[in-house]
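What follows is a set of notes on a single structure, which appears directly below.
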Amino acid sequence: MTGDRVLAPQPPADGSKPKGPASYFPSIESTYGRPVQEWLDLAADRLDDESHMAVVTWLKSEHGLGHGHANAIVAYVRAARA
């Protein structure tokens, strides 16, 4: 893994619901049974050498994620690195 690890967000302190791609993270954890940090790490590793859609496709085909969930993970990592 590269030095730019993207950390999973903490829930909003005011108790509100997360916005943007992070709004998918609770559902991702409950649906696939793995912490969102694992998915972020997997995506971050692949994004070093592959495009956004290539990583989305890989998450869908190799790990069984739905398109929206895979896209949210990749989009979050890309935005955090920008």
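Identifiers in the structure tokens: chain A, B, ... in order shown; residue index from 1 per chain; ligand index from 1 in order shown.
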
A:Trp39 environment, 9 Å, only C-alpha atoms, sequence neighbours closer than 2 positions dropped, as an NGL selection string: :A and (34-37 or 41-44 or 59 or 70 or 73-74)

Output file for the selection above: all heavy atoms, as a PDB file, in the first residue's frame:
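And here is the file that came out, result11.pdb:
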ATOM      1  N   ARG A  34     -17.693  -6.543   6.196  1.00  0.00           N
ATOM      2  CA  ARG A  34     -16.304  -6.124   6.403  1.00  0.00           C
ATOM      3  C   ARG A  34     -16.291  -4.639   6.717  1.00  0.00           C
ATOM      4  O   ARG A  34     -17.110  -3.877   6.189  1.00  0.00           O
ATOM      5  CB  ARG A  34     -15.465  -6.380   5.143  1.00  0.00           C
ATOM      6  CG  ARG A  34     -15.316  -7.857   4.819  1.00  0.00           C
ATOM      7  CD  ARG A  34     -14.708  -8.084   3.465  1.00  0.00           C
ATOM      8  NE  ARG A  34     -13.282  -7.782   3.437  1.00  0.00           N
ATOM      9  CZ  ARG A  34     -12.520  -8.004   2.363  1.00  0.00           C
ATOM     10  NH1 ARG A  34     -13.048  -8.504   1.260  1.00  0.00           N
ATOM     11  NH2 ARG A  34     -11.236  -7.724   2.394  1.00  0.00           N
ATOM     12  N   PRO A  35     -15.352  -4.199   7.550  1.00  0.00           N
ATOM     13  CA  PRO A  35     -15.266  -2.763   7.858  1.00  0.00           C
ATOM     14  C   PRO A  35     -14.991  -1.953   6.591  1.00  0.00           C
ATOM     15  O   PRO A  35     -14.261  -2.406   5.701  1.00  0.00           O
ATOM     16  CB  PRO A  35     -14.092  -2.654   8.827  1.00  0.00           C
ATOM     17  CG  PRO A  35     -13.805  -4.031   9.280  1.00  0.00           C
ATOM     18  CD  PRO A  35     -14.327  -4.970   8.247  1.00  0.00           C
ATOM     19  N   VAL A  36     -15.534  -0.781   6.521  1.00  0.00           N
ATOM     20  CA  VAL A  36     -15.339   0.068   5.345  1.00  0.00           C
ATOM     21  C   VAL A  36     -13.858   0.386   5.151  1.00  0.00           C
ATOM     22  O   VAL A  36     -13.404   0.563   4.015  1.00  0.00           O
ATOM     23  CB  VAL A  36     -16.221   1.334   5.410  1.00  0.00           C
ATOM     24  CG1 VAL A  36     -15.669   2.346   6.384  1.00  0.00           C
ATOM     25  CG2 VAL A  36     -16.410   1.920   4.041  1.00  0.00           C
ATOM     26  N   GLN A  37     -13.084   0.421   6.226  1.00  0.00           N
ATOM     27  CA  GLN A  37     -11.650   0.703   6.077  1.00  0.00           C
ATOM     28  C   GLN A  37     -10.972  -0.335   5.186  1.00  0.00           C
ATOM     29  O   GLN A  37     -10.094   0.004   4.394  1.00  0.00           O
ATOM     30  CB  GLN A  37     -10.960   0.760   7.451  1.00  0.00           C
ATOM     31  CG  GLN A  37      -9.503   1.198   7.361  1.00  0.00           C
ATOM     32  CD  GLN A  37      -9.370   2.619   6.817  1.00  0.00           C
ATOM     33  OE1 GLN A  37      -9.909   3.554   7.386  1.00  0.00           O
ATOM     34  NE2 GLN A  37      -8.655   2.782   5.708  1.00  0.00           N
ATOM     35  N   ASP A  41      -8.969   0.608   1.769  1.00  0.00           N
ATOM     36  CA  ASP A  41      -7.583   0.190   1.546  1.00  0.00           C
ATOM     37  C   ASP A  41      -7.439  -0.567   0.226  1.00  0.00           C
ATOM     38  O   ASP A  41      -6.483  -0.341  -0.532  1.00  0.00           O
ATOM     39  CB  ASP A  41      -7.077  -0.674   2.699  1.00  0.00           C
ATOM     40  CG  ASP A  41      -6.899   0.102   3.994  1.00  0.00           C
ATOM     41  OD1 ASP A  41      -6.850   1.353   3.966  1.00  0.00           O
ATOM     42  OD2 ASP A  41      -6.817  -0.553   5.057  1.00  0.00           O
ATOM     43  N   LEU A  42      -8.377  -1.469  -0.052  1.00  0.00           N
ATOM     44  CA  LEU A  42      -8.337  -2.213  -1.311  1.00  0.00           C
ATOM     45  C   LEU A  42      -8.421  -1.273  -2.503  1.00  0.00           C
ATOM     46  O   LEU A  42      -7.650  -1.388  -3.467  1.00  0.00           O
ATOM     47  CB  LEU A  42      -9.476  -3.234  -1.368  1.00  0.00           C
ATOM     48  CG  LEU A  42      -9.358  -4.451  -0.475  1.00  0.00           C
ATOM     49  CD1 LEU A  42     -10.670  -5.239  -0.477  1.00  0.00           C
ATOM     50  CD2 LEU A  42      -8.215  -5.350  -0.922  1.00  0.00           C
ATOM     51  N   ALA A  43      -9.350  -0.350  -2.450  1.00  0.00           N
ATOM     52  CA  ALA A  43      -9.521   0.592  -3.552  1.00  0.00           C
ATOM     53  C   ALA A  43      -8.301   1.497  -3.701  1.00  0.00           C
ATOM     54  O   ALA A  43      -7.840   1.743  -4.821  1.00  0.00           O
ATOM     55  CB  ALA A  43     -10.774   1.436  -3.336  1.00  0.00           C
ATOM     56  N   ALA A  44      -7.759   1.967  -2.595  1.00  0.00           N
ATOM     57  CA  ALA A  44      -6.596   2.858  -2.651  1.00  0.00           C
ATOM     58  C   ALA A  44      -5.412   2.166  -3.304  1.00  0.00           C
ATOM     59  O   ALA A  44      -4.698   2.768  -4.121  1.00  0.00           O
ATOM     60  CB  ALA A  44      -6.228   3.334  -1.245  1.00  0.00           C
ATOM     61  N   LEU A  59     -14.089  -4.265  -7.954  1.00  0.00           N
ATOM     62  CA  LEU A  59     -14.821  -4.477  -6.705  1.00  0.00           C
ATOM     63  C   LEU A  59     -16.119  -5.244  -6.953  1.00  0.00           C
ATOM     64  O   LEU A  59     -16.504  -6.091  -6.158  1.00  0.00           O
ATOM     65  CB  LEU A  59     -15.120  -3.138  -6.018  1.00  0.00           C
ATOM     66  CG  LEU A  59     -13.938  -2.437  -5.351  1.00  0.00           C
ATOM     67  CD1 LEU A  59     -14.307  -1.006  -4.959  1.00  0.00           C
ATOM     68  CD2 LEU A  59     -13.450  -3.217  -4.147  1.00  0.00           C
ATOM     69  N   ALA A  70     -19.633   0.138  -4.782  1.00  0.00           N
ATOM     70  CA  ALA A  70     -18.263   0.165  -5.314  1.00  0.00           C
ATOM     71  C   ALA A  70     -17.880   1.578  -5.731  1.00  0.00           C
ATOM     72  O   ALA A  70     -16.778   2.056  -5.425  1.00  0.00           O
ATOM     73  CB  ALA A  70     -18.139  -0.797  -6.492  1.00  0.00           C
ATOM     74  N   ILE A  73     -17.119   3.876  -2.704  1.00  0.00           N
ATOM     75  CA  ILE A  73     -15.799   3.626  -2.117  1.00  0.00           C
ATOM     76  C   ILE A  73     -14.712   4.285  -2.936  1.00  0.00           C
ATOM     77  O   ILE A  73     -13.851   5.016  -2.412  1.00  0.00           O
ATOM     78  CB  ILE A  73     -15.548   2.116  -1.990  1.00  0.00           C
ATOM     79  CG1 ILE A  73     -16.461   1.518  -0.917  1.00  0.00           C
ATOM     80  CG2 ILE A  73     -14.081   1.805  -1.691  1.00  0.00           C
ATOM     81  CD1 ILE A  73     -16.539   0.007  -0.939  1.00  0.00           C
ATOM     82  N   VAL A  74     -14.743   4.062  -4.238  1.00  0.00           N
ATOM     83  CA  VAL A  74     -13.716   4.630  -5.118  1.00  0.00           C
ATOM     84  C   VAL A  74     -13.790   6.153  -5.134  1.00  0.00           C
ATOM     85  O   VAL A  74     -12.760   6.833  -5.048  1.00  0.00           O
ATOM     86  CB  VAL A  74     -13.822   4.037  -6.535  1.00  0.00           C
ATOM     87  CG1 VAL A  74     -12.828   4.694  -7.480  1.00  0.00           C
ATOM     88  CG2 VAL A  74     -13.597   2.522  -6.501  1.00  0.00           C
TER      89      VAL A  74
END

Nearby residues (only C-alpha atoms) at most 8 Å from stretch 20-32 of chain A, same-chain spacing under 4 positions excluded, as a list in words: Pro9, Val36, Leu65, His69, Ala72, Ile73, Ala75 and Tyr76 of chain A

Residues flagged helix (DSSP H, G or I) by DSSP in stretch 11-79 of chain A, as a VMD selection string: chain A and resid 20 to 32 36 to 47 52 to 63 67 to 79

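What separates atom CA of A:Lys19 from atom CA of A:Asp49 is a distance of 27.7 Å.
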
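Ranking A:Arg5, A:Arg81, A:Ala13, A:Gly33 by their shortest atom-to-atom distance to A:Gly64, with only C-alpha atoms included, puts A:Gly33 first.
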
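The closest residue to A:Ser51, picked from A:Pro11, A:Glu38, A:Arg78, A:Gly68 and counting only C-alpha atoms, is A:Arg78.
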
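A straight line drawn from atom CA of A:His52 to atom CA of A:Ala82 is 13.3 Å long.
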
Length of the atom CA of A:Leu7 to atom CA of A:Ser61 vector [Å]: 24.0 Å

Nearest-residue call for A:Asp48, choices A:Val77, A:Glu62, A:His67, A:Ala8, using only C-alpha atoms: A:Val77
